[in-house]
>>> print(open('protein01.pdb').read())   # PDB, C-alpha atoms, pLDDT in the B column
ATOM      1  CA  MET A1072     -85.602  -7.525 113.874  1.00 36.00           C
ATOM      2  CA  SER A1073     -85.516  -3.981 115.209  1.00 34.00           C
ATOM      3  CA  SER A1074     -85.301  -3.203 118.878  1.00 34.00           C
ATOM      4  CA  GLU A1075     -88.661  -1.409 118.620  1.00 33.00           C
ATOM      5  CA  THR A1076     -90.356  -4.560 117.307  1.00 35.00           C
ATOM      6  CA  ALA A1077     -88.774  -6.669 120.032  1.00 37.00           C
ATOM      7  CA  VAL A1078     -90.120  -4.317 122.665  1.00 36.00           C
ATOM      8  CA  ASP A1079     -93.612  -4.077 121.136  1.00 42.00           C
ATOM      9  CA  ARG A1080     -94.245  -7.793 120.771  1.00 47.00           C
ATOM     10  CA  PRO A1081     -94.619  -8.821 124.441  1.00 48.00           C
ATOM     11  CA  PRO A1082     -97.275  -6.129 125.205  1.00 82.00           C
ATOM     12  CA  LEU A1083     -99.198  -7.151 122.071  1.00 87.00           C
ATOM     13  CA  ARG A1084     -99.146 -10.798 123.072  1.00 89.00           C
ATOM     14  CA  THR A1085    -100.184  -9.846 126.591  1.00 93.00           C
ATOM     15  CA  THR A1086    -103.086  -7.761 125.283  1.00 94.00           C
ATOM     16  CA  ARG A1087    -104.291 -10.655 123.164  1.00 94.00           C
ATOM     17  CA  ALA A1088    -104.032 -13.033 126.105  1.00 95.00           C
ATOM     18  CA  LEU A1089    -106.014 -10.683 128.339  1.00 97.00           C
ATOM     19  CA  LEU A1090    -108.739 -10.258 125.736  1.00 97.00           C
ATOM     20  CA  ALA A1091    -108.807 -14.012 125.114  1.00 97.00           C
ATOM     21  CA  CYS A1092    -109.767 -14.388 128.770  1.00 98.00           C
ATOM     22  CA  GLY A1093    -112.840 -12.263 128.086  1.00 97.00           C
ATOM     23  CA  VAL A1094    -113.650 -14.186 124.898  1.00 98.00           C
ATOM     24  CA  ALA A1095    -113.694 -17.404 126.920  1.00 98.00           C
ATOM     25  CA  ALA A1096    -115.509 -16.139 130.014  1.00 97.00           C
ATOM     26  CA  GLY A1097    -119.086 -15.790 128.724  1.00 96.00           C
ATOM     27  CA  PRO A1098    -119.336 -18.975 126.634  1.00 96.00           C
ATOM     28  CA  LEU A1099    -117.515 -20.983 129.318  1.00 97.00           C
ATOM     29  CA  PHE A1100    -119.938 -19.764 131.984  1.00 97.00           C
ATOM     30  CA  VAL A1101    -122.949 -20.710 129.862  1.00 97.00           C
ATOM     31  CA  LEU A1102    -121.564 -24.139 128.932  1.00 97.00           C
ATOM     32  CA  LEU A1103    -120.671 -25.047 132.503  1.00 97.00           C
ATOM     33  CA  ILE A1104    -124.027 -24.064 133.996  1.00 97.00           C
ATOM     34  CA  VAL A1105    -125.958 -25.864 131.243  1.00 96.00           C
ATOM     35  CA  ALA A1106    -123.854 -29.011 131.697  1.00 97.00           C
ATOM     36  CA  GLN A1107    -124.407 -28.941 135.440  1.00 96.00           C
ATOM     37  CA  ALA A1108    -128.136 -28.237 135.145  1.00 95.00           C
ATOM     38  CA  MET A1109    -128.540 -31.258 132.876  1.00 95.00           C
ATOM     39  CA  THR A1110    -126.617 -33.657 135.096  1.00 95.00           C
ATOM     40  CA  ARG A1111    -127.135 -32.525 138.704  1.00 95.00           C
ATOM     41  CA  ASP A1112    -129.424 -34.849 140.652  1.00 94.00           C
ATOM     42  CA  GLY A1113    -132.551 -33.048 141.846  1.00 94.00           C
ATOM     43  CA  PHE A1114    -131.837 -29.788 140.040  1.00 96.00           C
ATOM     44  CA  ASP A1115    -134.736 -28.477 137.957  1.00 96.00           C
ATOM     45  CA  ALA A1116    -133.710 -25.538 135.759  1.00 95.00           C
ATOM     46  CA  ARG A1117    -137.307 -24.368 135.631  1.00 96.00           C
ATOM     47  CA  ARG A1118    -137.690 -24.098 139.418  1.00 94.00           C
ATOM     48  CA  HIS A1119    -134.153 -23.474 140.596  1.00 96.00           C
ATOM     49  CA  PRO A1120    -132.016 -20.424 139.722  1.00 95.00           C
ATOM     50  CA  LEU A1121    -128.532 -21.217 138.452  1.00 96.00           C
ATOM     51  CA  SER A1122    -126.913 -19.979 141.663  1.00 96.00           C
ATOM     52  CA  MET A1123    -128.302 -23.033 143.457  1.00 97.00           C
ATOM     53  CA  LEU A1124    -125.845 -25.171 141.491  1.00 97.00           C
ATOM     54  CA  SER A1125    -123.277 -24.010 144.072  1.00 97.00           C
ATOM     55  CA  LEU A1126    -125.063 -26.147 146.694  1.00 96.00           C
ATOM     56  CA  GLY A1127    -124.754 -29.846 147.431  1.00 93.00           C
ATOM     57  CA  ASP A1128    -121.925 -32.335 147.024  1.00 91.00           C
ATOM     58  CA  TYR A1129    -120.805 -30.938 143.681  1.00 94.00           C
ATOM     59  CA  GLY A1130    -121.534 -27.321 144.472  1.00 96.00           C
ATOM     60  CA  TRP A1131    -117.824 -26.546 144.428  1.00 97.00           C
ATOM     61  CA  ILE A1132    -117.949 -26.803 140.618  1.00 97.00           C
ATOM     62  CA  GLN A1133    -120.310 -23.842 140.331  1.00 97.00           C
ATOM     63  CA  THR A1134    -118.423 -21.923 143.003  1.00 97.00           C
ATOM     64  CA  PHE A1135    -115.248 -22.457 140.983  1.00 97.00           C
ATOM     65  CA  THR A1136    -117.127 -21.433 137.826  1.00 98.00           C
ATOM     66  CA  PHE A1137    -118.225 -18.146 139.385  1.00 98.00           C
ATOM     67  CA  VAL A1138    -114.740 -17.261 140.584  1.00 98.00           C
ATOM     68  CA  LEU A1139    -112.884 -18.428 137.472  1.00 98.00           C
ATOM     69  CA  CYS A1140    -115.160 -16.608 135.036  1.00 98.00           C
ATOM     70  CA  GLY A1141    -115.075 -13.500 137.209  1.00 98.00           C
ATOM     71  CA  LEU A1142    -111.283 -13.485 137.121  1.00 98.00           C
ATOM     72  CA  LEU A1143    -111.326 -13.996 133.349  1.00 98.00           C
ATOM     73  CA  VAL A1144    -113.618 -10.990 132.957  1.00 98.00           C
ATOM     74  CA  LEU A1145    -111.391  -8.830 135.157  1.00 98.00           C
ATOM     75  CA  ALA A1146    -108.389  -9.827 133.061  1.00 98.00           C
ATOM     76  CA  SER A1147    -110.280  -8.814 129.925  1.00 97.00           C
ATOM     77  CA  VAL A1148    -110.888  -5.346 131.380  1.00 97.00           C
ATOM     78  CA  ALA A1149    -107.140  -4.785 131.429  1.00 96.00           C
ATOM     79  CA  GLY A1150    -107.001  -5.908 127.803  1.00 95.00           C
ATOM     80  CA  LEU A1151    -109.829  -3.598 126.755  1.00 96.00           C
ATOM     81  CA  ARG A1152    -108.169  -0.624 128.424  1.00 94.00           C
ATOM     82  CA  ARG A1153    -105.014  -1.370 126.423  1.00 92.00           C
ATOM     83  CA  THR A1154    -106.902  -1.274 123.112  1.00 93.00           C
ATOM     84  CA  LEU A1155    -109.187   1.731 123.724  1.00 91.00           C
ATOM     85  CA  ARG A1156    -107.620   5.165 123.447  1.00 88.00           C
ATOM     86  CA  PRO A1157    -107.821   7.345 126.567  1.00 88.00           C
ATOM     87  CA  GLY A1158    -110.642   9.847 126.404  1.00 85.00           C
ATOM     88  CA  THR A1159    -112.738   7.854 123.915  1.00 86.00           C
ATOM     89  CA  PRO A1160    -116.279   6.655 124.778  1.00 84.00           C
ATOM     90  CA  GLY A1161    -116.305   3.378 126.653  1.00 88.00           C
ATOM     91  CA  ARG A1162    -112.742   3.340 127.922  1.00 89.00           C
ATOM     92  CA  ALA A1163    -113.508   4.779 131.343  1.00 92.00           C
ATOM     93  CA  TRP A1164    -117.086   3.949 132.283  1.00 94.00           C
ATOM     94  CA  GLY A1165    -117.515   1.039 129.898  1.00 95.00           C
ATOM     95  CA  THR A1166    -114.525  -0.920 131.123  1.00 96.00           C
ATOM     96  CA  TRP A1167    -115.213  -0.010 134.748  1.00 97.00           C
ATOM     97  CA  LEU A1168    -118.759  -1.401 134.454  1.00 97.00           C
ATOM     98  CA  ILE A1169    -117.493  -4.612 132.871  1.00 97.00           C
ATOM     99  CA  GLY A1170    -115.137  -4.849 135.831  1.00 97.00           C
ATOM    100  CA  VAL A1171    -118.160  -4.661 138.164  1.00 97.00           C
ATOM    101  CA  TYR A1172    -119.665  -7.562 136.203  1.00 97.00           C
ATOM    102  CA  GLY A1173    -116.518  -9.627 136.795  1.00 97.00           C
ATOM    103  CA  ALA A1174    -116.364  -8.694 140.473  1.00 98.00           C
ATOM    104  CA  SER A1175    -120.036  -9.649 140.872  1.00 97.00           C
ATOM    105  CA  LEU A1176    -119.320 -13.131 139.533  1.00 97.00           C
ATOM    106  CA  ILE A1177    -116.577 -13.569 142.128  1.00 98.00           C
ATOM    107  CA  TRP A1178    -118.892 -12.171 144.819  1.00 98.00           C
ATOM    108  CA  ALA A1179    -121.514 -14.783 143.869  1.00 97.00           C
ATOM    109  CA  GLY A1180    -118.930 -17.519 144.358  1.00 97.00           C
ATOM    110  CA  VAL A1181    -117.637 -16.230 147.679  1.00 97.00           C
ATOM    111  CA  PHE A1182    -121.122 -15.820 149.187  1.00 97.00           C
ATOM    112  CA  PRO A1183    -123.286 -18.859 148.308  1.00 95.00           C
ATOM    113  CA  THR A1184    -127.046 -18.799 148.038  1.00 96.00           C
ATOM    114  CA  ASP A1185    -129.359 -20.777 150.333  1.00 95.00           C
ATOM    115  CA  PRO A1186    -131.073 -24.168 149.916  1.00 95.00           C
ATOM    116  CA  ALA A1187    -134.720 -23.897 148.894  1.00 94.00           C
ATOM    117  CA  GLU A1188    -137.477 -25.454 146.812  1.00 93.00           C
ATOM    118  CA  GLY A1189    -136.348 -29.018 147.425  1.00 93.00           C
ATOM    119  CA  TYR A1190    -132.729 -28.480 146.375  1.00 95.00           C
ATOM    120  CA  PRO A1191    -130.291 -29.911 147.246  1.00 94.00           C
ATOM    121  CA  VAL A1192    -132.048 -33.259 147.557  1.00 91.00           C
ATOM    122  CA  GLY A1193    -133.574 -33.524 151.024  1.00 89.00           C
ATOM    123  CA  THR A1194    -134.287 -29.812 151.359  1.00 91.00           C
ATOM    124  CA  PRO A1195    -137.976 -29.080 152.158  1.00 91.00           C
ATOM    125  CA  ASP A1196    -140.115 -27.462 149.478  1.00 89.00           C
ATOM    126  CA  GLY A1197    -140.689 -23.744 149.800  1.00 88.00           C
ATOM    127  CA  PRO A1198    -138.498 -20.643 149.825  1.00 86.00           C
ATOM    128  CA  GLY A1199    -136.506 -21.640 152.918  1.00 84.00           C
ATOM    129  CA  GLU A1200    -134.625 -19.351 155.263  1.00 89.00           C
ATOM    130  CA  VAL A1201    -132.315 -16.619 154.005  1.00 92.00           C
ATOM    131  CA  SER A1202    -128.895 -16.509 155.667  1.00 96.00           C
ATOM    132  CA  TRP A1203    -126.507 -13.570 155.854  1.00 96.00           C
ATOM    133  CA  HIS A1204    -124.421 -15.008 153.019  1.00 96.00           C
ATOM    134  CA  GLY A1205    -127.597 -15.643 151.024  1.00 95.00           C
ATOM    135  CA  MET A1206    -128.540 -11.977 151.361  1.00 96.00           C
ATOM    136  CA  LEU A1207    -125.059 -10.956 150.224  1.00 97.00           C
ATOM    137  CA  HIS A1208    -125.269 -13.399 147.318  1.00 97.00           C
ATOM    138  CA  ASN A1209    -128.500 -11.790 146.135  1.00 95.00           C
ATOM    139  CA  LEU A1210    -126.606  -8.560 145.527  1.00 96.00           C
ATOM    140  CA  ALA A1211    -124.458 -10.255 142.870  1.00 96.00           C
ATOM    141  CA  PRO A1212    -127.035 -10.757 140.088  1.00 94.00           C
ATOM    142  CA  VAL A1213    -128.362  -7.239 140.624  1.00 94.00           C
ATOM    143  CA  GLY A1214    -124.910  -5.671 140.403  1.00 94.00           C
ATOM    144  CA  MET A1215    -123.864  -7.858 137.499  1.00 95.00           C
ATOM    145  CA  GLY A1216    -127.038  -7.291 135.489  1.00 95.00           C
ATOM    146  CA  LEU A1217    -127.193  -3.535 135.982  1.00 96.00           C
ATOM    147  CA  ALA A1218    -123.478  -2.978 135.390  1.00 97.00           C
ATOM    148  CA  LEU A1219    -123.319  -5.056 132.226  1.00 97.00           C
ATOM    149  CA  SER A1220    -126.569  -3.597 130.854  1.00 97.00           C
ATOM    150  CA  VAL A1221    -125.271  -0.044 131.266  1.00 97.00           C
ATOM    151  CA  ALA A1222    -121.906  -1.080 129.796  1.00 97.00           C
ATOM    152  CA  CYS A1223    -123.746  -2.289 126.703  1.00 97.00           C
ATOM    153  CA  LEU A1224    -125.383   1.119 126.311  1.00 97.00           C
ATOM    154  CA  VAL A1225    -122.086   2.942 126.856  1.00 97.00           C
ATOM    155  CA  PHE A1226    -120.487   0.939 124.051  1.00 97.00           C
ATOM    156  CA  ALA A1227    -123.623   1.326 121.909  1.00 97.00           C
ATOM    157  CA  ARG A1228    -122.969   5.078 122.025  1.00 95.00           C
ATOM    158  CA  ARG A1229    -119.342   4.495 121.052  1.00 95.00           C
ATOM    159  CA  PHE A1230    -120.325   2.315 118.085  1.00 96.00           C
ATOM    160  CA  ALA A1231    -123.066   4.717 116.987  1.00 96.00           C
ATOM    161  CA  ARG A1232    -120.594   7.602 116.944  1.00 94.00           C
ATOM    162  CA  ALA A1233    -118.235   5.512 114.838  1.00 93.00           C
ATOM    163  CA  GLY A1234    -121.029   4.669 112.377  1.00 95.00           C
ATOM    164  CA  GLN A1235    -120.928   0.976 113.299  1.00 96.00           C
ATOM    165  CA  ARG A1236    -124.682   0.453 113.315  1.00 96.00           C
ATOM    166  CA  GLY A1237    -124.608  -3.316 113.561  1.00 97.00           C
ATOM    167  CA  TRP A1238    -122.569  -3.274 116.745  1.00 97.00           C
ATOM    168  CA  ALA A1239    -124.594  -0.377 118.121  1.00 97.00           C
ATOM    169  CA  LEU A1240    -127.815  -2.335 117.574  1.00 98.00           C
ATOM    170  CA  TYR A1241    -126.297  -5.497 119.082  1.00 98.00           C
ATOM    171  CA  SER A1242    -125.216  -3.504 122.129  1.00 98.00           C
ATOM    172  CA  VAL A1243    -128.786  -2.275 122.632  1.00 98.00           C
ATOM    173  CA  LEU A1244    -130.577  -5.552 121.952  1.00 98.00           C
ATOM    174  CA  ALA A1245    -128.395  -7.621 124.322  1.00 98.00           C
ATOM    175  CA  PRO A1246    -129.489  -5.822 127.523  1.00 97.00           C
ATOM    176  CA  VAL A1247    -133.082  -5.635 126.254  1.00 97.00           C
ATOM    177  CA  ALA A1248    -133.124  -9.421 125.840  1.00 97.00           C
ATOM    178  CA  TYR A1249    -131.530  -9.835 129.251  1.00 97.00           C
ATOM    179  CA  LEU A1250    -134.069  -7.629 131.029  1.00 96.00           C
ATOM    180  CA  VAL A1251    -137.173  -8.827 129.169  1.00 97.00           C
ATOM    181  CA  LEU A1252    -136.405 -12.521 129.603  1.00 97.00           C
ATOM    182  CA  GLY A1253    -135.212 -12.010 133.178  1.00 95.00           C
ATOM    183  CA  PHE A1254    -138.439 -10.331 134.242  1.00 94.00           C
ATOM    184  CA  ALA A1255    -140.532 -12.807 132.228  1.00 96.00           C
ATOM    185  CA  ALA A1256    -138.993 -15.721 134.155  1.00 95.00           C
ATOM    186  CA  PHE A1257    -140.981 -14.878 137.296  1.00 93.00           C
ATOM    187  CA  PRO A1258    -144.567 -14.835 135.955  1.00 95.00           C
ATOM    188  CA  ALA A1259    -143.712 -17.775 133.692  1.00 95.00           C
ATOM    189  CA  GLN A1260    -142.205 -19.601 136.683  1.00 93.00           C
ATOM    190  CA  ASP A1261    -139.350 -20.751 134.492  1.00 96.00           C
ATOM    191  CA  PHE A1262    -135.790 -19.713 135.411  1.00 96.00           C
ATOM    192  CA  ARG A1263    -134.534 -21.048 132.105  1.00 96.00           C
ATOM    193  CA  LEU A1264    -135.680 -17.774 130.555  1.00 97.00           C
ATOM    194  CA  MET A1265    -133.340 -15.942 132.910  1.00 95.00           C
ATOM    195  CA  VAL A1266    -130.421 -18.105 131.792  1.00 95.00           C
ATOM    196  CA  VAL A1267    -131.195 -17.436 128.121  1.00 96.00           C
ATOM    197  CA  GLY A1268    -131.356 -13.698 128.793  1.00 96.00           C
ATOM    198  CA  GLY A1269    -128.119 -13.900 130.725  1.00 96.00           C
ATOM    199  CA  ALA A1270    -126.443 -15.769 127.885  1.00 96.00           C
ATOM    200  CA  ALA A1271    -127.366 -12.918 125.523  1.00 96.00           C
ATOM    201  CA  ILE A1272    -125.507 -10.337 127.578  1.00 96.00           C
ATOM    202  CA  TRP A1273    -122.626 -12.529 128.809  1.00 96.00           C
ATOM    203  CA  THR A1274    -121.751 -13.483 125.244  1.00 96.00           C
ATOM    204  CA  TRP A1275    -121.981  -9.801 124.220  1.00 97.00           C
ATOM    205  CA  ALA A1276    -119.062  -9.093 126.551  1.00 97.00           C
ATOM    206  CA  ALA A1277    -117.170 -12.006 125.003  1.00 97.00           C
ATOM    207  CA  ALA A1278    -117.904 -10.740 121.484  1.00 97.00           C
ATOM    208  CA  LEU A1279    -116.679  -7.262 122.442  1.00 97.00           C
ATOM    209  CA  CYS A1280    -113.356  -8.744 123.547  1.00 97.00           C
ATOM    210  CA  LEU A1281    -113.078 -10.750 120.338  1.00 96.00           C
ATOM    211  CA  ARG A1282    -113.795  -7.642 118.276  1.00 95.00           C
ATOM    212  CA  SER A1283    -111.153  -5.698 120.207  1.00 94.00           C
ATOM    213  CA  MET A1284    -108.446  -8.311 119.628  1.00 91.00           C
ATOM    214  CA  PRO A1285    -105.448  -6.556 118.015  1.00 88.00           C
ATOM    215  CA  THR A1286    -104.126  -7.856 114.726  1.00 80.00           C
ATOM    216  CA  GLY A1287    -100.604  -7.980 113.426  1.00 65.00           C
ATOM    217  CA  ARG A1288     -97.453  -9.454 114.867  1.00 64.00           C
TER     218      ARG A1288
END
>>> encode(input="protein01.pdb", output="structure tokens")
Amino acid sequence: MSSETAVDRPPLRTTRALLACGVAAGPLFVLLIVAQAMTRDGFDARRHPLSMLSLGDYGWIQTFTFVLCGLLVLASVAGLRRTLRPGTPGRAWGTWLIGVYGASLIWAGVFPTDPAEGYPVGTPDGPGEVSWHGMLHNLAPVGMGLALSVACLVFARRFARAGQRGWALYSVLAPVAYLVLGFAAFPAQDFRLMVVGGAAIWTWAAALCLRSMPTGR
């Protein structure tokens, strides 16, 4: 084994590990919120946004989910910056925007939302009062959604320039699905649409990390 190979291997393994964090983040987030929504007493996924899973006796699970997945996304940003050449489309703005997505997840965990609409059990029906931390929490989905949607378009441009039409189309359709379903959730009075739209864009970020995984030894 040459000295050059011995030196190159640890960074390659580190890059893979960082990107693996991003591969796991989106699917893990979706699986954990679906599992909680199906088992949490009094939680109705149609009426209650997913952030309300951070309330009640088992709310710590969702709080942990927000923070853990946010940290995984931030780790993946470091991996993406290792694999994208400086000066190429996506390396600067694209990775920075994905970092905002990760930071927004952590923000959502640090600042919990407020009880409302009968959840947790015992809470009166209706919108309830908005606390200071509830107002701060409401910034998280806005920041996350906008940042990740624009990141998709930044990478769509990168893929289009490279002639990778499938990935370019995927990178456009993911934020479209997110925005259309997210806005449709309100007139339909069904927050499950918002989760489905979110899953489309969260898993896009995971797929990007998987695609960027370096090969070789």
>>> residues_around(input="protein01.pdb", residues="stretch 1190-1192 of chain A", least_positions_apart="4", cutoff="7 Å", atoms="all atoms listed in the file", output="list in words")
Gly1113, Phe1114, Leu1126, Gly1127 and Pro1186 of chain A
>>> residues_around(input="protein01.pdb", residues="A:Val1247", least_positions_apart="2", cutoff="10 Å", atoms="only C-alpha atoms", output="list in words")
Ser1220, Cys1223, Tyr1241, Ser1242, Val1243, Leu1244, Ala1245, Tyr1249, Leu1250, Val1251, Leu1252, Gly1253, Gly1268, Ala1271 and Ile1272 of chain A
>>> closest_residue(input="protein01.pdb", among="A:Gly1093, A:Gly1161, A:Trp1238, A:Leu1210", to="A:Ser1175", atoms="only C-alpha atoms")
A:Leu1210
>>> closest_residue(input="protein01.pdb", among="A:Ala1108, A:Ala1211, A:Met1123, A:Val1101", to="A:Asp1185", atoms="all atoms listed in the file")
A:Met1123
>>> resolve_selection(input="protein01.pdb", expression="the PyMOL selection byres ((chain A and resi 1256) around 12)", output="mmCIF file with C-alpha atoms, in the frame of the given file")
data_model
loop_
_atom_site.group_PDB
_atom_site.id
_atom_site.type_symbol
_atom_site.label_atom_id
_atom_site.label_comp_id
_atom_site.auth_asym_id
_atom_site.auth_seq_id
_atom_site.Cartn_x
_atom_site.Cartn_y
_atom_site.Cartn_z
ATOM 1 C CA ALA A 1116 -133.710 -25.538 135.759
ATOM 2 C CA ARG A 1117 -137.307 -24.368 135.631
ATOM 3 C CA ARG A 1118 -137.690 -24.098 139.418
ATOM 4 C CA HIS A 1119 -134.153 -23.474 140.596
ATOM 5 C CA PRO A 1120 -132.016 -20.424 139.722
ATOM 6 C CA ALA A 1248 -133.124 -9.421 125.840
ATOM 7 C CA TYR A 1249 -131.530 -9.835 129.251
ATOM 8 C CA LEU A 1250 -134.069 -7.629 131.029
ATOM 9 C CA VAL A 1251 -137.173 -8.827 129.169
ATOM 10 C CA LEU A 1252 -136.405 -12.521 129.603
ATOM 11 C CA GLY A 1253 -135.212 -12.010 133.178
ATOM 12 C CA PHE A 1254 -138.439 -10.331 134.242
ATOM 13 C CA ALA A 1255 -140.532 -12.807 132.228
ATOM 14 C CA PHE A 1257 -140.981 -14.878 137.296
ATOM 15 C CA PRO A 1258 -144.567 -14.835 135.955
ATOM 16 C CA ALA A 1259 -143.712 -17.775 133.692
ATOM 17 C CA GLN A 1260 -142.205 -19.601 136.683
ATOM 18 C CA ASP A 1261 -139.350 -20.751 134.492
ATOM 19 C CA PHE A 1262 -135.790 -19.713 135.411
ATOM 20 C CA ARG A 1263 -134.534 -21.048 132.105
ATOM 21 C CA LEU A 1264 -135.680 -17.774 130.555
ATOM 22 C CA MET A 1265 -133.340 -15.942 132.910
ATOM 23 C CA VAL A 1266 -130.421 -18.105 131.792
ATOM 24 C CA VAL A 1267 -131.195 -17.436 128.121
ATOM 25 C CA GLY A 1268 -131.356 -13.698 128.793
ATOM 26 C CA GLY A 1269 -128.119 -13.900 130.725
#
>>> atom_distance(input="protein01.pdb", atom1="atom CA of A:Cys1092", atom2="atom CA of A:Cys1140")
8.6 Å
>>> atom_distance(input="protein01.pdb", atom1="atom CA of A:Val1171", atom2="atom CA of A:Ala1096")
14.3 Å
>>> resolve_selection(input="protein01.pdb", expression="the PyMOL selection byres ((chain A and resi 1099) around 12)", output="mmCIF file with C-alpha atoms, keeping the file's coordinate frame")
data_model
loop_
_atom_site.group_PDB
_atom_site.id
_atom_site.type_symbol
_atom_site.label_atom_id
_atom_site.label_comp_id
_atom_site.auth_asym_id
_atom_site.auth_seq_id
_atom_site.Cartn_x
_atom_site.Cartn_y
_atom_site.Cartn_z
ATOM 1 C CA ALA A 1091 -108.807 -14.012 125.114
ATOM 2 C CA CYS A 1092 -109.767 -14.388 128.770
ATOM 3 C CA GLY A 1093 -112.840 -12.263 128.086
ATOM 4 C CA VAL A 1094 -113.650 -14.186 124.898
ATOM 5 C CA ALA A 1095 -113.694 -17.404 126.920
ATOM 6 C CA ALA A 1096 -115.509 -16.139 130.014
ATOM 7 C CA GLY A 1097 -119.086 -15.790 128.724
ATOM 8 C CA PRO A 1098 -119.336 -18.975 126.634
ATOM 9 C CA PHE A 1100 -119.938 -19.764 131.984
ATOM 10 C CA VAL A 1101 -122.949 -20.710 129.862
ATOM 11 C CA LEU A 1102 -121.564 -24.139 128.932
ATOM 12 C CA LEU A 1103 -120.671 -25.047 132.503
ATOM 13 C CA ILE A 1104 -124.027 -24.064 133.996
ATOM 14 C CA VAL A 1105 -125.958 -25.864 131.243
ATOM 15 C CA ALA A 1106 -123.854 -29.011 131.697
ATOM 16 C CA GLN A 1133 -120.310 -23.842 140.331
ATOM 17 C CA PHE A 1135 -115.248 -22.457 140.983
ATOM 18 C CA THR A 1136 -117.127 -21.433 137.826
ATOM 19 C CA PHE A 1137 -118.225 -18.146 139.385
ATOM 20 C CA LEU A 1139 -112.884 -18.428 137.472
ATOM 21 C CA CYS A 1140 -115.160 -16.608 135.036
ATOM 22 C CA GLY A 1141 -115.075 -13.500 137.209
ATOM 23 C CA LEU A 1143 -111.326 -13.996 133.349
ATOM 24 C CA VAL A 1144 -113.618 -10.990 132.957
ATOM 25 C CA ALA A 1270 -126.443 -15.769 127.885
ATOM 26 C CA TRP A 1273 -122.626 -12.529 128.809
ATOM 27 C CA THR A 1274 -121.751 -13.483 125.244
ATOM 28 C CA ALA A 1277 -117.170 -12.006 125.003
#
>>> atom_distance(input="protein01.pdb", atom1="atom CA of A:Thr1134", atom2="atom CA of A:Thr1086")
27.4 Å
>>> closest_residue(input="protein01.pdb", among="A:Pro1157, A:Gly1180, A:Gly1170, A:Gly1165", to="A:His1208", atoms="all atoms listed in the file")
A:Gly1180
